[in-house]
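Engineer: Input data25.cif, format and content: mmCIF, N, CA and C atoms.
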data_upload
loop_
_atom_site.label_atom_id
_atom_site.label_comp_id
_atom_site.auth_asym_id
_atom_site.auth_seq_id
_atom_site.Cartn_x
_atom_site.Cartn_y
_atom_site.Cartn_z
N MET A 369 -15.81 -46.34 -229.83
CA MET A 369 -16.61 -46.54 -231.02
C MET A 369 -16.95 -45.16 -231.60
N PHE A 370 -16.93 -45.08 -232.92
CA PHE A 370 -17.26 -43.83 -233.59
C PHE A 370 -17.94 -44.14 -234.92
N ASN A 371 -18.52 -43.12 -235.50
CA ASN A 371 -19.24 -43.24 -236.76
C ASN A 371 -18.75 -42.14 -237.69
N VAL A 372 -18.49 -42.50 -238.96
CA VAL A 372 -18.05 -41.53 -239.96
C VAL A 372 -18.96 -41.66 -241.18
N VAL A 373 -19.45 -40.53 -241.66
CA VAL A 373 -20.25 -40.50 -242.89
C VAL A 373 -19.60 -39.47 -243.81
N HIS A 374 -19.26 -39.91 -245.02
CA HIS A 374 -18.67 -39.01 -246.02
C HIS A 374 -19.62 -38.94 -247.20
N GLU A 375 -20.16 -37.77 -247.42
CA GLU A 375 -21.07 -37.53 -248.54
C GLU A 375 -20.49 -36.39 -249.37
N THR A 376 -21.06 -36.16 -250.51
CA THR A 376 -20.59 -35.09 -251.37
C THR A 376 -20.58 -33.77 -250.60
N GLY A 377 -19.40 -33.19 -250.45
CA GLY A 377 -19.27 -31.89 -249.82
C GLY A 377 -19.34 -31.87 -248.31
N GLU A 378 -19.40 -33.04 -247.66
CA GLU A 378 -19.58 -33.04 -246.21
C GLU A 378 -19.03 -34.31 -245.57
N VAL A 379 -18.39 -34.16 -244.42
CA VAL A 379 -17.96 -35.28 -243.60
C VAL A 379 -18.56 -35.08 -242.21
N ARG A 380 -19.16 -36.16 -241.65
CA ARG A 380 -19.70 -36.12 -240.30
C ARG A 380 -19.04 -37.21 -239.47
N VAL A 381 -18.61 -36.85 -238.27
CA VAL A 381 -17.97 -37.79 -237.35
C VAL A 381 -18.67 -37.66 -236.00
N ALA A 382 -18.99 -38.79 -235.37
CA ALA A 382 -19.59 -38.79 -234.03
C ALA A 382 -18.89 -39.86 -233.20
N VAL A 383 -18.68 -39.55 -231.92
CA VAL A 383 -17.92 -40.45 -231.05
C VAL A 383 -18.80 -40.93 -229.90
N ALA A 384 -18.86 -42.27 -229.74
CA ALA A 384 -19.63 -42.87 -228.64
C ALA A 384 -18.73 -43.16 -227.45
N GLU A 385 -17.52 -43.64 -227.71
CA GLU A 385 -16.58 -43.91 -226.62
C GLU A 385 -15.16 -43.73 -227.13
N GLY A 386 -14.28 -43.37 -226.21
CA GLY A 386 -12.90 -43.13 -226.59
C GLY A 386 -12.69 -41.72 -227.11
N LYS A 387 -11.70 -41.59 -227.96
CA LYS A 387 -11.33 -40.28 -228.50
C LYS A 387 -10.97 -40.45 -229.97
N VAL A 388 -11.31 -39.47 -230.78
CA VAL A 388 -10.98 -39.48 -232.21
C VAL A 388 -10.28 -38.18 -232.56
N LEU A 389 -9.23 -38.28 -233.34
CA LEU A 389 -8.53 -37.11 -233.83
C LEU A 389 -8.87 -36.98 -235.32
N TYR A 390 -9.59 -35.92 -235.66
CA TYR A 390 -9.98 -35.65 -237.04
C TYR A 390 -9.00 -34.64 -237.60
N ASN A 391 -8.31 -35.01 -238.67
CA ASN A 391 -7.29 -34.15 -239.25
C ASN A 391 -7.45 -34.11 -240.76
N PRO A 392 -8.27 -33.19 -241.26
CA PRO A 392 -8.50 -33.11 -242.70
C PRO A 392 -7.41 -32.34 -243.45
N GLY A 393 -6.32 -32.02 -242.77
CA GLY A 393 -5.27 -31.25 -243.41
C GLY A 393 -5.36 -29.77 -243.10
N GLN A 394 -6.38 -29.35 -242.37
CA GLN A 394 -6.57 -27.94 -242.04
C GLN A 394 -6.37 -27.70 -240.55
N GLY A 395 -5.80 -28.64 -239.85
CA GLY A 395 -5.67 -28.54 -238.40
C GLY A 395 -6.51 -29.62 -237.75
N ALA A 396 -5.93 -30.27 -236.77
CA ALA A 396 -6.59 -31.39 -236.13
C ALA A 396 -7.66 -30.92 -235.15
N VAL A 397 -8.73 -31.71 -235.07
CA VAL A 397 -9.81 -31.49 -234.12
C VAL A 397 -9.94 -32.76 -233.30
N SER A 398 -9.87 -32.62 -231.99
CA SER A 398 -9.99 -33.76 -231.09
C SER A 398 -11.43 -33.87 -230.60
N LEU A 399 -12.00 -35.07 -230.73
CA LEU A 399 -13.38 -35.32 -230.30
C LEU A 399 -13.37 -36.38 -229.20
N ASP A 400 -14.09 -36.10 -228.12
CA ASP A 400 -14.27 -37.07 -227.04
C ASP A 400 -15.64 -37.72 -227.19
N ALA A 401 -15.88 -38.76 -226.39
CA ALA A 401 -17.19 -39.41 -226.38
C ALA A 401 -18.27 -38.35 -226.14
N GLY A 402 -19.35 -38.45 -226.92
CA GLY A 402 -20.44 -37.50 -226.79
C GLY A 402 -20.27 -36.24 -227.63
N GLN A 403 -19.27 -36.23 -228.50
CA GLN A 403 -19.07 -35.09 -229.39
C GLN A 403 -19.20 -35.53 -230.84
N ALA A 404 -19.58 -34.59 -231.69
CA ALA A 404 -19.70 -34.84 -233.13
C ALA A 404 -19.22 -33.61 -233.87
N LEU A 405 -18.88 -33.81 -235.12
CA LEU A 405 -18.49 -32.67 -235.95
C LEU A 405 -19.06 -32.82 -237.34
N VAL A 406 -19.21 -31.68 -237.99
CA VAL A 406 -19.59 -31.62 -239.39
C VAL A 406 -18.54 -30.74 -240.07
N ASP A 407 -17.96 -31.28 -241.14
CA ASP A 407 -16.97 -30.55 -241.93
C ASP A 407 -17.54 -30.41 -243.34
N ARG A 408 -17.97 -29.20 -243.66
CA ARG A 408 -18.55 -28.92 -244.99
C ARG A 408 -17.53 -28.20 -245.85
N GLU A 409 -17.45 -28.59 -247.10
CA GLU A 409 -16.53 -27.93 -248.03
C GLU A 409 -16.81 -26.45 -248.14
N THR A 410 -18.05 -26.05 -247.95
CA THR A 410 -18.44 -24.65 -248.11
C THR A 410 -18.20 -23.82 -246.86
N ALA A 411 -17.76 -24.44 -245.76
CA ALA A 411 -17.53 -23.71 -244.51
C ALA A 411 -16.04 -23.46 -244.30
N ASP A 412 -15.74 -22.50 -243.43
CA ASP A 412 -14.35 -22.15 -243.14
C ASP A 412 -13.73 -23.02 -242.05
N GLY A 413 -14.49 -23.85 -241.42
CA GLY A 413 -13.99 -24.72 -240.36
C GLY A 413 -15.01 -25.79 -240.05
N VAL A 414 -14.70 -26.59 -239.06
CA VAL A 414 -15.62 -27.65 -238.67
C VAL A 414 -16.53 -27.15 -237.55
N GLU A 415 -17.72 -27.72 -237.51
CA GLU A 415 -18.69 -27.40 -236.46
C GLU A 415 -18.71 -28.58 -235.49
N VAL A 416 -18.40 -28.33 -234.23
CA VAL A 416 -18.40 -29.38 -233.20
C VAL A 416 -19.61 -29.19 -232.31
N THR A 417 -20.33 -30.28 -232.06
CA THR A 417 -21.53 -30.24 -231.23
C THR A 417 -21.52 -31.42 -230.25
N ARG A 418 -22.46 -31.41 -229.32
CA ARG A 418 -22.67 -32.52 -228.41
C ARG A 418 -23.67 -33.48 -229.05
N VAL A 419 -23.50 -34.77 -228.76
CA VAL A 419 -24.41 -35.80 -229.26
C VAL A 419 -24.53 -36.87 -228.18
N PRO A 420 -25.74 -37.35 -227.91
CA PRO A 420 -25.85 -38.44 -226.94
C PRO A 420 -25.06 -39.66 -227.43
N ALA A 421 -24.12 -40.13 -226.64
CA ALA A 421 -23.24 -41.22 -227.05
C ALA A 421 -24.02 -42.46 -227.47
N GLU A 422 -25.15 -42.72 -226.83
CA GLU A 422 -25.93 -43.91 -227.16
C GLU A 422 -26.58 -43.84 -228.55
N ARG A 423 -26.64 -42.65 -229.13
CA ARG A 423 -27.21 -42.51 -230.47
C ARG A 423 -26.18 -42.80 -231.57
N VAL A 424 -24.91 -42.72 -231.23
CA VAL A 424 -23.86 -42.94 -232.23
C VAL A 424 -23.88 -44.41 -232.65
N GLY A 425 -24.01 -44.64 -233.94
CA GLY A 425 -24.05 -46.01 -234.45
C GLY A 425 -25.39 -46.69 -234.28
N SER A 426 -26.44 -45.94 -233.91
CA SER A 426 -27.75 -46.55 -233.72
C SER A 426 -28.31 -47.15 -235.01
N TRP A 427 -27.76 -46.72 -236.16
CA TRP A 427 -28.20 -47.27 -237.45
C TRP A 427 -27.96 -48.77 -237.51
N LYS A 428 -26.99 -49.28 -236.74
CA LYS A 428 -26.69 -50.71 -236.77
C LYS A 428 -27.86 -51.55 -236.29
N THR A 429 -28.71 -50.96 -235.44
CA THR A 429 -29.88 -51.68 -234.92
C THR A 429 -31.16 -51.23 -235.61
N GLY A 430 -31.04 -50.51 -236.72
CA GLY A 430 -32.22 -50.08 -237.48
C GLY A 430 -32.88 -48.83 -236.93
N SER A 431 -32.17 -48.09 -236.09
CA SER A 431 -32.72 -46.88 -235.49
C SER A 431 -31.95 -45.67 -236.03
N LEU A 432 -32.66 -44.75 -236.65
CA LEU A 432 -32.06 -43.53 -237.16
C LEU A 432 -32.62 -42.37 -236.34
N VAL A 433 -31.75 -41.63 -235.66
CA VAL A 433 -32.18 -40.58 -234.74
C VAL A 433 -31.74 -39.22 -235.27
N TYR A 434 -32.67 -38.25 -235.26
CA TYR A 434 -32.39 -36.93 -235.83
C TYR A 434 -32.86 -35.82 -234.92
N SER A 435 -32.14 -34.71 -234.97
CA SER A 435 -32.54 -33.49 -234.29
C SER A 435 -32.35 -32.35 -235.29
N ALA A 436 -33.44 -31.92 -235.89
CA ALA A 436 -33.45 -30.84 -236.88
C ALA A 436 -32.52 -31.12 -238.07
N ALA A 437 -32.47 -32.37 -238.51
CA ALA A 437 -31.66 -32.74 -239.68
C ALA A 437 -32.44 -32.45 -240.95
N PRO A 438 -31.78 -31.96 -241.99
CA PRO A 438 -32.49 -31.72 -243.25
C PRO A 438 -32.96 -33.05 -243.87
N LEU A 439 -34.09 -33.01 -244.55
CA LEU A 439 -34.61 -34.22 -245.19
C LEU A 439 -33.62 -34.82 -246.18
N SER A 440 -32.75 -34.00 -246.77
CA SER A 440 -31.74 -34.54 -247.68
C SER A 440 -30.82 -35.51 -246.94
N ARG A 441 -30.47 -35.21 -245.69
CA ARG A 441 -29.63 -36.10 -244.89
C ARG A 441 -30.40 -37.37 -244.51
N VAL A 442 -31.67 -37.19 -244.13
CA VAL A 442 -32.51 -38.35 -243.79
C VAL A 442 -32.61 -39.27 -245.00
N ALA A 443 -32.82 -38.70 -246.17
CA ALA A 443 -32.92 -39.50 -247.40
C ALA A 443 -31.63 -40.26 -247.66
N ALA A 444 -30.48 -39.60 -247.49
CA ALA A 444 -29.19 -40.26 -247.71
C ALA A 444 -28.98 -41.40 -246.73
N ASP A 445 -29.35 -41.18 -245.46
CA ASP A 445 -29.22 -42.24 -244.45
C ASP A 445 -30.15 -43.41 -244.77
N LEU A 446 -31.36 -43.11 -245.18
CA LEU A 446 -32.30 -44.17 -245.55
C LEU A 446 -31.77 -44.97 -246.74
N SER A 447 -31.18 -44.28 -247.69
CA SER A 447 -30.61 -44.96 -248.86
C SER A 447 -29.56 -45.98 -248.45
N ARG A 448 -28.65 -45.55 -247.56
CA ARG A 448 -27.61 -46.46 -247.08
C ARG A 448 -28.20 -47.62 -246.27
N SER A 449 -29.12 -47.31 -245.38
CA SER A 449 -29.67 -48.34 -244.49
C SER A 449 -30.57 -49.33 -245.20
N MET A 450 -31.36 -48.85 -246.15
CA MET A 450 -32.32 -49.70 -246.84
C MET A 450 -31.78 -50.26 -248.15
N GLU A 451 -30.60 -49.75 -248.57
CA GLU A 451 -30.00 -50.15 -249.83
C GLU A 451 -30.94 -49.93 -251.01
N VAL A 452 -31.64 -48.78 -250.96
CA VAL A 452 -32.57 -48.35 -252.00
C VAL A 452 -32.31 -46.85 -252.19
N PRO A 453 -32.01 -46.40 -253.41
CA PRO A 453 -31.77 -44.97 -253.60
C PRO A 453 -33.00 -44.13 -253.26
N ILE A 454 -32.81 -43.19 -252.33
CA ILE A 454 -33.88 -42.27 -251.93
C ILE A 454 -33.28 -40.87 -251.90
N THR A 455 -33.97 -39.92 -252.51
CA THR A 455 -33.54 -38.53 -252.49
C THR A 455 -34.71 -37.66 -252.04
N ALA A 456 -34.42 -36.42 -251.70
CA ALA A 456 -35.45 -35.45 -251.33
C ALA A 456 -35.55 -34.42 -252.44
N ALA A 457 -36.77 -34.10 -252.85
CA ALA A 457 -36.98 -33.08 -253.88
C ALA A 457 -36.41 -31.75 -253.40
N PRO A 458 -35.89 -30.94 -254.32
CA PRO A 458 -35.26 -29.67 -253.93
C PRO A 458 -36.14 -28.79 -253.04
N GLY A 459 -37.43 -28.78 -253.24
CA GLY A 459 -38.31 -27.92 -252.45
C GLY A 459 -38.42 -28.31 -250.98
N ILE A 460 -38.06 -29.54 -250.64
CA ILE A 460 -38.16 -29.98 -249.25
C ILE A 460 -36.83 -30.50 -248.70
N ALA A 461 -35.79 -30.49 -249.49
CA ALA A 461 -34.49 -31.06 -249.08
C ALA A 461 -33.95 -30.44 -247.81
N ASP A 462 -34.20 -29.14 -247.58
CA ASP A 462 -33.69 -28.46 -246.40
C ASP A 462 -34.67 -28.47 -245.23
N ARG A 463 -35.85 -29.03 -245.42
CA ARG A 463 -36.85 -29.06 -244.35
C ARG A 463 -36.32 -29.90 -243.19
N PRO A 464 -36.34 -29.36 -241.95
CA PRO A 464 -35.79 -30.12 -240.82
C PRO A 464 -36.72 -31.22 -240.33
N PHE A 465 -36.09 -32.30 -239.87
CA PHE A 465 -36.83 -33.42 -239.28
C PHE A 465 -36.18 -33.77 -237.94
N SER A 466 -37.00 -33.92 -236.93
CA SER A 466 -36.54 -34.38 -235.62
C SER A 466 -37.37 -35.59 -235.23
N GLY A 467 -36.70 -36.64 -234.81
CA GLY A 467 -37.40 -37.84 -234.39
C GLY A 467 -36.55 -39.07 -234.62
N THR A 468 -37.14 -40.22 -234.34
CA THR A 468 -36.46 -41.50 -234.50
C THR A 468 -37.22 -42.33 -235.52
N ILE A 469 -36.51 -42.89 -236.47
CA ILE A 469 -37.09 -43.78 -237.47
C ILE A 469 -36.58 -45.18 -237.16
N MET A 470 -37.50 -46.12 -236.97
CA MET A 470 -37.15 -47.52 -236.74
C MET A 470 -37.37 -48.27 -238.05
N LEU A 471 -36.30 -48.85 -238.58
CA LEU A 471 -36.37 -49.58 -239.84
C LEU A 471 -36.50 -51.07 -239.56
N ASP A 472 -37.39 -51.72 -240.29
CA ASP A 472 -37.54 -53.17 -240.14
C ASP A 472 -37.78 -53.83 -241.49
N GLY A 473 -37.27 -53.22 -242.54
CA GLY A 473 -37.43 -53.79 -243.87
C GLY A 473 -37.46 -52.70 -244.91
N SER A 474 -37.68 -53.08 -246.15
CA SER A 474 -37.73 -52.09 -247.22
C SER A 474 -38.97 -52.26 -248.09
N GLY A 475 -39.91 -53.04 -247.62
CA GLY A 475 -41.11 -53.31 -248.40
C GLY A 475 -42.11 -52.17 -248.37
N PRO A 476 -43.27 -52.39 -248.97
CA PRO A 476 -44.30 -51.36 -249.08
C PRO A 476 -44.75 -50.81 -247.72
N GLU A 477 -44.84 -51.66 -246.69
CA GLU A 477 -45.29 -51.19 -245.38
C GLU A 477 -44.27 -50.23 -244.78
N GLN A 478 -42.98 -50.52 -244.94
CA GLN A 478 -41.93 -49.63 -244.44
C GLN A 478 -42.02 -48.28 -245.16
N LEU A 479 -42.23 -48.29 -246.45
CA LEU A 479 -42.33 -47.03 -247.21
C LEU A 479 -43.56 -46.24 -246.79
N ARG A 480 -44.67 -46.92 -246.52
CA ARG A 480 -45.90 -46.23 -246.06
C ARG A 480 -45.65 -45.54 -244.72
N ARG A 481 -44.96 -46.25 -243.80
CA ARG A 481 -44.68 -45.66 -242.49
C ARG A 481 -43.72 -44.48 -242.62
N LEU A 482 -42.75 -44.57 -243.52
CA LEU A 482 -41.82 -43.45 -243.72
C LEU A 482 -42.55 -42.21 -244.22
N GLN A 483 -43.49 -42.41 -245.14
CA GLN A 483 -44.25 -41.28 -245.65
C GLN A 483 -44.99 -40.57 -244.52
N LEU A 484 -45.60 -41.35 -243.64
CA LEU A 484 -46.35 -40.77 -242.52
C LEU A 484 -45.41 -40.07 -241.54
N ALA A 485 -44.31 -40.72 -241.18
CA ALA A 485 -43.39 -40.16 -240.19
C ALA A 485 -42.73 -38.88 -240.69
N LEU A 486 -42.39 -38.83 -241.96
CA LEU A 486 -41.67 -37.69 -242.52
C LEU A 486 -42.58 -36.64 -243.15
N ASN A 487 -43.88 -36.94 -243.22
CA ASN A 487 -44.86 -36.06 -243.86
C ASN A 487 -44.44 -35.73 -245.29
N VAL A 488 -44.14 -36.80 -246.03
CA VAL A 488 -43.76 -36.69 -247.44
C VAL A 488 -44.52 -37.74 -248.23
N ARG A 489 -44.43 -37.60 -249.54
CA ARG A 489 -44.94 -38.63 -250.44
C ARG A 489 -43.72 -39.23 -251.13
N LEU A 490 -43.57 -40.55 -251.07
CA LEU A 490 -42.47 -41.22 -251.76
C LEU A 490 -42.96 -41.66 -253.13
N GLU A 491 -42.28 -41.19 -254.15
CA GLU A 491 -42.66 -41.49 -255.53
C GLU A 491 -41.55 -42.28 -256.21
N LYS A 492 -41.91 -43.37 -256.84
CA LYS A 492 -40.95 -44.21 -257.55
C LYS A 492 -40.51 -43.49 -258.82
N GLU A 493 -39.20 -43.42 -258.99
CA GLU A 493 -38.63 -42.84 -260.20
C GLU A 493 -37.57 -43.79 -260.72
N ALA A 494 -37.11 -43.57 -261.92
CA ALA A 494 -36.05 -44.41 -262.48
C ALA A 494 -34.86 -44.39 -261.54
N GLY A 495 -34.45 -45.53 -261.07
CA GLY A 495 -33.28 -45.62 -260.22
C GLY A 495 -33.54 -45.44 -258.74
N GLY A 496 -34.79 -45.29 -258.30
CA GLY A 496 -35.03 -45.17 -256.87
C GLY A 496 -36.31 -44.45 -256.52
N TRP A 497 -36.30 -43.81 -255.35
CA TRP A 497 -37.47 -43.11 -254.82
C TRP A 497 -37.10 -41.66 -254.55
N ILE A 498 -38.11 -40.78 -254.64
CA ILE A 498 -37.89 -39.37 -254.33
C ILE A 498 -38.97 -38.93 -253.34
N MET A 499 -38.55 -38.19 -252.30
CA MET A 499 -39.47 -37.60 -251.34
C MET A 499 -40.03 -36.32 -251.93
N LYS A 500 -41.33 -36.21 -251.92
CA LYS A 500 -41.98 -35.00 -252.43
C LYS A 500 -42.96 -34.49 -251.37
N PRO A 501 -43.33 -33.22 -251.46
CA PRO A 501 -44.29 -32.69 -250.49
C PRO A 501 -45.63 -33.41 -250.60
N VAL A 502 -46.28 -33.61 -249.47
CA VAL A 502 -47.62 -34.19 -249.46
C VAL A 502 -48.53 -33.21 -250.21
N GLY A 503 -49.37 -33.75 -251.07
CA GLY A 503 -50.30 -32.91 -251.82
C GLY A 503 -49.74 -32.39 -253.13
N SER A 504 -48.49 -32.76 -253.48
CA SER A 504 -47.93 -32.29 -254.75
C SER A 504 -48.52 -33.10 -255.88
N ALA A 505 -48.38 -32.60 -257.09
CA ALA A 505 -48.95 -33.25 -258.29
C ALA A 505 -48.51 -34.70 -258.39
N GLY A 506 -49.40 -35.53 -258.90
CA GLY A 506 -49.09 -36.92 -259.10
C GLY A 506 -49.53 -37.82 -257.96
N GLN A 507 -50.16 -37.22 -256.94
CA GLN A 507 -50.58 -38.01 -255.78
C GLN A 507 -51.91 -38.66 -256.05
#
What's the structure tokens form of this structure?
Structural biologist:
Amino acid sequence: MFNVVHETGEVRVAVAEGKVLYNPGQGAVSLDAGQALVDRETADGVEVTRVPAERVGSWKTGSLVYSAAPLSRVAADLSRSMEVPITAAPGIADRPFSGTIMLDGSGPEQLRRLQLALNVRLEKEAGGWIMKPVGSAGQ
């Protein structure tokens, strides 16, 4: 089992079991269970890291697990999982988040818990939600 996420300028692959051969045309990279990679358009190669195999695909059960992930990635994952557009404001997009988010819906209570867990303010905008710093104007 493996997980692939393709976003603008970045591809992420993580392997829970078996083996995956990632070949973007720049040379193949072999990943075993417990390995992950990030391939960014702005980088000269792929970055391979270790990942707990049990975390791969945890989004299927409503669990999103992070270790120093930028809020922009958390927002993108939440958008996919909740089927609600969520972005991070430029001032906090690179702020790292470590922890586990358990999703159980997309209603007001889920949004309130996300604000507390991520230490952000979620503001409704045309077409979705935006994460802003706590204490920013409009609160």
Engineer: Any chance you could list, as a ChimeraX atom specification, the residues in range 408-477 of chain A that come up strand (DSSP E) when DSSP is run on the backbone?
Structural biologist: /A:408,414-418,431-438,454-456,464-470
Engineer: Would you mind reading off the distance between CA of Glu491 in chain A and CA of Gly459 in chain A, one decimal, in Å?
Structural biologist: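 The value is 14.6 Å.
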Engineer: For the structure shown, which residues end up in the PyMOL selection byres ((chain A and resi 378) around 8)? Put them as a list of chain:residue names, please?
Structural biologist: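 Written out, the selection comes to A:Val373, A:His374, A:Glu375, A:Thr376, A:Gly377, A:Val379, A:Arg380, A:Val381, A:Val406, A:Asp407, A:Arg408, A:Glu409, A:Thr410.
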Engineer: How many Å separate CA of Gly386 in chain A from CA of Arg448 in chain A?
Structural biologist: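 Straight-line distance from CA of Gly386 in chain A to CA of Arg448 in chain A works out to 25.4 Å.
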Engineer: Env of Leu389 in chain A: 8 Å cut, atoms = only C-alpha atoms, seq-sep filter 6 positions within chain, self excluded. Answer as a ChimeraX atom specification.
Structural biologist: /A:396-399
Engineer: Assuming the chain letters and numbering stay as they are in my file, what does the PyMOL selection byres ((chain A and resi 466) around 5) actually select? List them as a list in words.
Structural biologist: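 The output of the PyMOL selection byres ((chain A and resi 466) around 5) on this file is Tyr434, Ser435, Ala436, Pro464, Phe465, Gly467 and Thr468 of chain A.
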Engineer: Report the residues retrieved by the PyMOL selection byres ((chain A and resi 456) around 7) from the displayed file, expressed as an MDAnalysis selection string.
Structural biologist: chainID A and resid 439:440 443:444 454:455 457:461 497:500
Engineer: Could you check which of A:Val414, A:Met450, A:Met470, A:Ala401 is closest to Val433 in chain A, using only N, CA and C atoms?
Structural biologist: A:Met470
Engineer: Just how far from CA of Arg418 in chain A is CA of Gly393 in chain A, in Å to one decimal?
Structural biologist: 23.0 Å
Engineer: Taking only range 396-487 of chain A into account, list the residues labelled alpha helix (DSSP H) by DSSP (computed from the backbone), as a PyMOL selection string.
Structural biologist: chain A and resi 439-450+476-486
Engineer: For a quick check of understanding, using all atoms listed in the file, which of A:Val502, A:Ala437, A:Leu479, A:Leu486 has the smallest distance to Asp462 in chain A?
Structural biologist: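 Answer, going by the shortest atom-to-atom distance: A:Ala437.
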Engineer: Of the candidates A:Val488, A:Thr417, A:Pro476, A:Glu422, which one gets nearest to Leu405 in chain A if we count only C-alpha atoms?
Structural biologist: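 The closest residue to Leu405 in chain A is A:Thr417.
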Engineer: Between A:Val383, A:Ala421, A:Val442, A:Val452, which has the minimum distance to Gly495 in chain A (counting only C-alpha atoms)?
Structural biologist: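 Of A:Val383, A:Ala421, A:Val442, A:Val452, the one nearest Gly495 in chain A, counting only C-alpha atoms, is A:Val452.
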Engineer: Measuring between only C-alpha atoms, which one of A:Val424, A:Asn487, A:Gly503, A:Ser431 shows the shortest distance to Leu471 in chain A?
Structural biologist: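 The answer is A:Ser431, which sits nearest to Leu471 in chain A.
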